[in-house]
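See below for final.pdb, which holds PDB, C-alpha atoms, pLDDT in the B column.
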ATOM      1  CA  MET G 317      14.974  62.893-196.054  1.00 40.00           C
ATOM      2  CA  ALA G 318      17.122  60.433-194.137  1.00 41.00           C
ATOM      3  CA  HIS G 319      17.200  56.834-195.289  1.00 38.00           C
ATOM      4  CA  GLN G 320      15.408  54.407-192.997  1.00 39.00           C
ATOM      5  CA  PRO G 321      17.073  51.164-191.999  1.00 37.00           C
ATOM      6  CA  VAL G 322      15.695  48.189-193.919  1.00 37.00           C
ATOM      7  CA  ALA G 323      14.076  46.701-190.789  1.00 37.00           C
ATOM      8  CA  GLN G 324      12.074  49.901-190.162  1.00 37.00           C
ATOM      9  CA  THR G 325      10.991  50.108-193.786  1.00 40.00           C
ATOM     10  CA  ALA G 326       9.793  46.488-193.771  1.00 39.00           C
ATOM     11  CA  THR G 327       7.800  47.112-190.588  1.00 39.00           C
ATOM     12  CA  ALA G 328       6.261  50.284-192.017  1.00 41.00           C
ATOM     13  CA  ASN G 329       5.236  48.373-195.138  1.00 46.00           C
ATOM     14  CA  ARG G 330       3.012  46.086-193.023  1.00 53.00           C
ATOM     15  CA  ALA G 331       0.976  49.026-191.687  1.00 65.00           C
ATOM     16  CA  ALA G 332      -2.740  49.293-192.428  1.00 78.00           C
ATOM     17  CA  PRO G 333      -3.385  51.043-195.774  1.00 83.00           C
ATOM     18  CA  ALA G 334      -4.828  54.153-194.090  1.00 87.00           C
ATOM     19  CA  ASP G 335      -1.760  54.481-191.840  1.00 91.00           C
ATOM     20  CA  LEU G 336       0.618  53.703-194.690  1.00 94.00           C
ATOM     21  CA  TYR G 337      -0.869  56.398-196.917  1.00 97.00           C
ATOM     22  CA  ALA G 338      -1.119  58.921-194.068  1.00 96.00           C
ATOM     23  CA  ASP G 339       2.616  58.419-193.483  1.00 96.00           C
ATOM     24  CA  LEU G 340       3.359  58.608-197.216  1.00 97.00           C
ATOM     25  CA  HIS G 341       1.362  61.843-197.570  1.00 97.00           C
ATOM     26  CA  GLN G 342       3.125  63.387-194.576  1.00 97.00           C
ATOM     27  CA  ALA G 343       6.568  62.438-195.917  1.00 97.00           C
ATOM     28  CA  LEU G 344       5.625  63.694-199.386  1.00 98.00           C
ATOM     29  CA  GLY G 345       4.513  67.012-197.932  1.00 97.00           C
ATOM     30  CA  GLY G 346       7.941  67.394-196.364  1.00 97.00           C
ATOM     31  CA  LEU G 347       9.702  66.567-199.633  1.00 97.00           C
ATOM     32  CA  LEU G 348       7.570  68.991-201.630  1.00 98.00           C
ATOM     33  CA  ALA G 349       7.682  71.883-199.135  1.00 97.00           C
ATOM     34  CA  GLY G 350       9.167  74.915-200.842  1.00 96.00           C
ATOM     35  CA  GLU G 351      10.180  73.044-204.022  1.00 97.00           C
ATOM     36  CA  PRO G 352       8.216  73.996-207.144  1.00 98.00           C
ATOM     37  CA  ASP G 353      10.295  72.113-209.753  1.00 98.00           C
ATOM     38  CA  PHE G 354       8.075  69.471-211.365  1.00 98.00           C
ATOM     39  CA  ILE G 355      10.881  67.100-212.414  1.00 98.00           C
ATOM     40  CA  ALA G 356      12.604  67.217-209.018  1.00 98.00           C
ATOM     41  CA  ASN G 357       9.272  66.642-207.281  1.00 98.00           C
ATOM     42  CA  CYS G 358       8.439  63.727-209.606  1.00 98.00           C
ATOM     43  CA  ALA G 359      11.822  62.164-208.840  1.00 98.00           C
ATOM     44  CA  ASN G 360      11.272  62.353-205.087  1.00 98.00           C
ATOM     45  CA  PHE G 361       7.646  61.239-205.424  1.00 98.00           C
ATOM     46  CA  SER G 362       8.654  58.148-207.415  1.00 98.00           C
ATOM     47  CA  ALA G 363      11.461  57.290-204.991  1.00 98.00           C
ATOM     48  CA  LEU G 364       9.240  57.751-201.932  1.00 98.00           C
ATOM     49  CA  VAL G 365       6.434  55.574-203.308  1.00 98.00           C
ATOM     50  CA  TYR G 366       8.885  52.871-204.421  1.00 98.00           C
ATOM     51  CA  ALA G 367      10.601  52.837-201.010  1.00 97.00           C
ATOM     52  CA  THR G 368       7.378  53.008-199.003  1.00 96.00           C
ATOM     53  CA  LEU G 369       4.883  50.689-200.669  1.00 97.00           C
ATOM     54  CA  PRO G 370       5.476  46.951-200.569  1.00 96.00           C
ATOM     55  CA  ASP G 371       5.545  44.600-203.548  1.00 97.00           C
ATOM     56  CA  LEU G 372       6.370  47.087-206.312  1.00 97.00           C
ATOM     57  CA  ASN G 373       8.807  46.496-209.132  1.00 97.00           C
ATOM     58  CA  TRP G 374       8.341  49.917-210.765  1.00 97.00           C
ATOM     59  CA  ALA G 375       7.044  53.372-209.848  1.00 98.00           C
ATOM     60  CA  GLY G 376       7.389  56.440-211.993  1.00 98.00           C
ATOM     61  CA  VAL G 377       6.107  59.262-214.109  1.00 98.00           C
ATOM     62  CA  TYR G 378       5.377  59.573-217.793  1.00 98.00           C
ATOM     63  CA  ILE G 379       5.139  63.187-218.997  1.00 98.00           C
ATOM     64  CA  LEU G 380       2.795  64.236-221.793  1.00 98.00           C
ATOM     65  CA  ARG G 381       4.731  65.557-224.801  1.00 98.00           C
ATOM     66  CA  GLY G 382       2.426  66.219-227.747  1.00 96.00           C
ATOM     67  CA  ALA G 383       0.425  63.062-228.438  1.00 94.00           C
ATOM     68  CA  GLU G 384       2.610  60.700-226.428  1.00 97.00           C
ATOM     69  CA  LEU G 385       3.786  60.003-222.912  1.00 98.00           C
ATOM     70  CA  VAL G 386       7.557  60.221-222.449  1.00 98.00           C
ATOM     71  CA  LEU G 387       9.419  58.507-219.636  1.00 98.00           C
ATOM     72  CA  GLY G 388      10.213  60.768-216.703  1.00 98.00           C
ATOM     73  CA  PRO G 389      11.666  60.135-213.240  1.00 98.00           C
ATOM     74  CA  PHE G 390      11.176  56.571-211.980  1.00 98.00           C
ATOM     75  CA  GLN G 391      12.452  53.780-209.739  1.00 98.00           C
ATOM     76  CA  GLY G 392      12.857  50.218-210.988  1.00 97.00           C
ATOM     77  CA  ARG G 393      14.129  48.485-214.089  1.00 94.00           C
ATOM     78  CA  PRO G 394      14.539  50.323-217.405  1.00 94.00           C
ATOM     79  CA  ALA G 395      11.168  51.088-218.972  1.00 94.00           C
ATOM     80  CA  CYS G 396       9.425  51.886-222.236  1.00 94.00           C
ATOM     81  CA  VAL G 397      10.437  55.406-223.242  1.00 97.00           C
ATOM     82  CA  ARG G 398       7.437  56.520-225.329  1.00 97.00           C
ATOM     83  CA  ILE G 399       3.795  55.485-225.078  1.00 97.00           C
ATOM     84  CA  ALA G 400       1.174  56.732-227.536  1.00 96.00           C
ATOM     85  CA  MET G 401      -1.923  58.362-226.084  1.00 96.00           C
ATOM     86  CA  GLY G 402      -4.561  55.661-225.624  1.00 95.00           C
ATOM     87  CA  ARG G 403      -2.093  52.742-225.795  1.00 95.00           C
ATOM     88  CA  GLY G 404      -1.604  50.359-222.880  1.00 95.00           C
ATOM     89  CA  VAL G 405      -2.602  51.097-219.302  1.00 97.00           C
ATOM     90  CA  CYS G 406      -0.705  54.410-219.129  1.00 97.00           C
ATOM     91  CA  GLY G 407      -2.122  55.661-222.417  1.00 97.00           C
ATOM     92  CA  ALA G 408      -5.639  54.584-221.406  1.00 97.00           C
ATOM     93  CA  ALA G 409      -5.424  56.489-218.106  1.00 98.00           C
ATOM     94  CA  ALA G 410      -4.097  59.551-219.927  1.00 98.00           C
ATOM     95  CA  ALA G 411      -6.811  59.439-222.617  1.00 97.00           C
ATOM     96  CA  ARG G 412      -9.577  58.916-220.039  1.00 97.00           C
ATOM     97  CA  ARG G 413      -8.043  61.395-217.579  1.00 98.00           C
ATOM     98  CA  ALA G 414      -8.992  58.839-214.941  1.00 98.00           C
ATOM     99  CA  SER G 415      -7.131  56.270-212.891  1.00 98.00           C
ATOM    100  CA  VAL G 416      -6.876  52.732-214.239  1.00 97.00           C
ATOM    101  CA  LEU G 417      -6.376  49.817-211.833  1.00 97.00           C
ATOM    102  CA  VAL G 418      -5.535  46.517-213.532  1.00 97.00           C
ATOM    103  CA  GLU G 419      -5.546  43.318-211.471  1.00 97.00           C
ATOM    104  CA  ASP G 420      -3.905  41.230-214.227  1.00 95.00           C
ATOM    105  CA  VAL G 421      -2.088  43.069-217.003  1.00 94.00           C
ATOM    106  CA  HIS G 422      -2.217  39.967-219.211  1.00 90.00           C
ATOM    107  CA  ALA G 423      -6.004  40.373-219.355  1.00 91.00           C
ATOM    108  CA  PHE G 424      -5.826  44.093-220.276  1.00 89.00           C
ATOM    109  CA  PRO G 425      -6.334  44.646-224.011  1.00 81.00           C
ATOM    110  CA  ASP G 426      -3.374  46.386-225.633  1.00 78.00           C
ATOM    111  CA  HIS G 427      -1.133  46.046-222.560  1.00 80.00           C
ATOM    112  CA  ILE G 428       2.408  47.138-223.376  1.00 83.00           C
ATOM    113  CA  VAL G 429       5.001  44.803-221.889  1.00 80.00           C
ATOM    114  CA  CYS G 430       7.898  46.902-220.627  1.00 80.00           C
ATOM    115  CA  ASP G 431       8.824  44.381-217.910  1.00 77.00           C
ATOM    116  CA  PRO G 432       7.547  40.810-218.335  1.00 82.00           C
ATOM    117  CA  VAL G 433       7.651  40.341-214.541  1.00 89.00           C
ATOM    118  CA  SER G 434       4.861  42.881-213.970  1.00 94.00           C
ATOM    119  CA  ARG G 435       1.450  41.366-213.307  1.00 96.00           C
ATOM    120  CA  SER G 436      -0.691  44.230-211.972  1.00 97.00           C
ATOM    121  CA  GLU G 437      -0.667  47.971-212.501  1.00 97.00           C
ATOM    122  CA  LEU G 438      -2.148  51.209-211.195  1.00 98.00           C
ATOM    123  CA  VAL G 439      -1.942  54.400-213.262  1.00 98.00           C
ATOM    124  CA  VAL G 440      -3.113  57.798-212.001  1.00 98.00           C
ATOM    125  CA  PRO G 441      -3.338  60.864-214.265  1.00 98.00           C
ATOM    126  CA  LEU G 442      -1.387  63.965-213.264  1.00 98.00           C
ATOM    127  CA  ILE G 443      -3.545  67.038-213.824  1.00 98.00           C
ATOM    128  CA  LYS G 444      -2.664  70.694-213.212  1.00 97.00           C
ATOM    129  CA  ASP G 445      -5.129  73.538-213.807  1.00 96.00           C
ATOM    130  CA  ASN G 446      -7.474  71.092-215.565  1.00 96.00           C
ATOM    131  CA  ALA G 447      -4.734  70.115-218.058  1.00 97.00           C
ATOM    132  CA  LEU G 448      -3.237  66.632-218.341  1.00 98.00           C
ATOM    133  CA  VAL G 449       0.501  66.801-217.576  1.00 98.00           C
ATOM    134  CA  GLY G 450       1.274  63.069-217.474  1.00 98.00           C
ATOM    135  CA  VAL G 451       0.608  59.931-215.454  1.00 98.00           C
ATOM    136  CA  PHE G 452       2.036  58.219-212.401  1.00 98.00           C
ATOM    137  CA  ASP G 453       2.461  54.478-212.948  1.00 98.00           C
ATOM    138  CA  MET G 454       3.056  51.661-210.451  1.00 98.00           C
ATOM    139  CA  ASP G 455       3.697  48.028-211.364  1.00 97.00           C
ATOM    140  CA  SER G 456       3.816  44.920-209.206  1.00 97.00           C
ATOM    141  CA  PRO G 457       4.963  41.368-209.882  1.00 97.00           C
ATOM    142  CA  SER G 458       1.870  40.142-207.972  1.00 97.00           C
ATOM    143  CA  PRO G 459      -1.566  39.861-209.555  1.00 97.00           C
ATOM    144  CA  ARG G 460      -4.292  41.848-207.768  1.00 97.00           C
ATOM    145  CA  ARG G 461      -1.657  43.833-205.829  1.00 97.00           C
ATOM    146  CA  PHE G 462      -3.493  47.155-206.029  1.00 97.00           C
ATOM    147  CA  THR G 463      -6.759  47.964-204.263  1.00 97.00           C
ATOM    148  CA  ALA G 464      -9.242  50.826-204.109  1.00 96.00           C
ATOM    149  CA  ALA G 465      -7.331  52.023-201.014  1.00 96.00           C
ATOM    150  CA  ASP G 466      -4.116  52.167-203.077  1.00 97.00           C
ATOM    151  CA  GLN G 467      -5.908  54.077-205.817  1.00 98.00           C
ATOM    152  CA  ALA G 468      -7.351  56.620-203.355  1.00 97.00           C
ATOM    153  CA  GLY G 469      -3.993  56.975-201.578  1.00 98.00           C
ATOM    154  CA  ILE G 470      -2.025  57.530-204.784  1.00 98.00           C
ATOM    155  CA  GLU G 471      -4.658  59.883-206.204  1.00 98.00           C
ATOM    156  CA  ALA G 472      -4.366  62.010-203.048  1.00 98.00           C
ATOM    157  CA  ALA G 473      -0.552  61.893-203.251  1.00 98.00           C
ATOM    158  CA  ALA G 474      -0.685  62.888-206.945  1.00 98.00           C
ATOM    159  CA  ALA G 475      -2.864  65.867-206.003  1.00 98.00           C
ATOM    160  CA  LEU G 476      -0.223  66.928-203.473  1.00 98.00           C
ATOM    161  CA  LEU G 477       2.494  66.573-206.123  1.00 98.00           C
ATOM    162  CA  MET G 478       0.602  68.625-208.671  1.00 98.00           C
ATOM    163  CA  GLY G 479      -0.413  71.266-206.131  1.00 97.00           C
ATOM    164  CA  ALA G 480       3.212  71.851-205.134  1.00 98.00           C
ATOM    165  CA  SER G 481       4.721  71.767-208.626  1.00 97.00           C
ATOM    166  CA  ARG G 482       5.052  74.583-211.121  1.00 96.00           C
ATOM    167  CA  ILE G 483       4.576  73.337-214.660  1.00 91.00           C
TER
END

Starting from the file, lay out its structure as structure tokens.
Amino acid sequence: MAHQPVAQTATANRAAPADLYADLHQALGGLLAGEPDFIANCANFSALVYATLPDLNWAGVYILRGAELVLGPFQGRPACVRIAMGRGVCGAAAARRASVLVEDVHAFPDHIVCDPVSRSELVVPLIKDNALVGVFDMDSPSPRRFTAADQAGIEAAAALLMGASRI
């Protein structure tokens, strides 16, 4: 995938959520086409989301290893490496096997501070053949950054990722 000039990326980031996610899904389909490797696909997925969506300071994958989530491919500042199942927003999403959208992480019980700049978070479980594989996590420095449209868009993108990847 060719890199877009900064001016084009900034313009694309102001698109309506439906258009933004349609473009993201189309680009993701191109990145995933013919590539079954889960780690490679997670790396491109994280990079695409981070480059496409505005107002993010972190986007990445945590992979389930036993009873904990272990840091996988991501974009942003260094992050927590291991998260126990059920702990923080990522662990809650993994334990529930359901997306968790947090408007203000400081109000979320048991929030794990990996980056003190983060204020809101969206975590989507990654499921393959009815088994939890990990979670996709996005953080923003802005409170209330994520909406139901973001959740639906990332859930659909995560389904594309998991459908293309061999685990």

Here atom CA of Asp426 of chain G and atom CA of Ala409 of chain G stand apart by 12.8 Å

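What separates atom CA of Gly345 of chain G from atom CA of Ile470 of chain G is a distance of 13.4 Å.
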
Any idea what's packed within 9 Å of Asp353 of chain G, counting all atoms listed in the file, ignoring anything in its chain fewer than 4 positions away? Could you give it as a PyMOL selection string?
-> chain G and resi 357-358+480-483

Specify as a count of residues only each residue included when the PyMOL selection byres ((chain G and resi 443) around 10) is applied to this file.
-> 19

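Closest to Phe354 of chain G among G:Pro457, G:Pro425, G:Gly404, G:Gly388 is G:Gly388, based on only C-alpha atoms.
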
Which of these residues is nearest to Val439 of chain G, using all atoms listed in the file: G:Val416, G:Ala383, G:Leu372, G:Ala408?
->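 The answer is G:Val416, which sits nearest to Val439 of chain G.
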
Hits from the PyMOL selection byres ((chain G and resi 375) around 9), listed as a count of residues only = 17

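Note that atom CA of Leu369 of chain G and atom CA of Pro459 of chain G are 15.4 Å apart.
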
Kindly resolve the PyMOL selection byres ((chain G and resi 463) around 10) on the present coordinates and return the residues as number ranges by chain.
-> G: 333, 417-419, 438, 460-462, 464-469

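Each of G:Gly350, G:Pro432, G:Gly407, G:Pro370 was compared to Arg393 of chain G using only C-alpha atoms, and G:Pro432 turns out to be the nearest.
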
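The residue that comes closest to Val421 of chain G, out of G:Val433, G:Ile355, G:Leu364, G:Leu476 and on the basis of only C-alpha atoms, is G:Val433.
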
Per-axis box centre and lengths in Å around segment 476-481 of chain G, 3 Å margin per side, axis-aligned, as lines of an AutoDock Vina configuration file:
center_x = 2.2
center_y = 69.2
center_z = -206.1
size_x = 11.1
size_y = 11.3
size_z = 11.2

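Of the listed residues G:Ser415, G:Leu385, G:Gly402, G:Tyr378, the one whose atoms come nearest to Ala472 of chain G is G:Ser415, with distances taken using all atoms listed in the file.
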
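Of the listed residues (G:Ala395, G:Thr368, G:Ser436, G:Ser456), G:Thr368 comes nearest to Ala338 of chain G; the distances count only C-alpha atoms.
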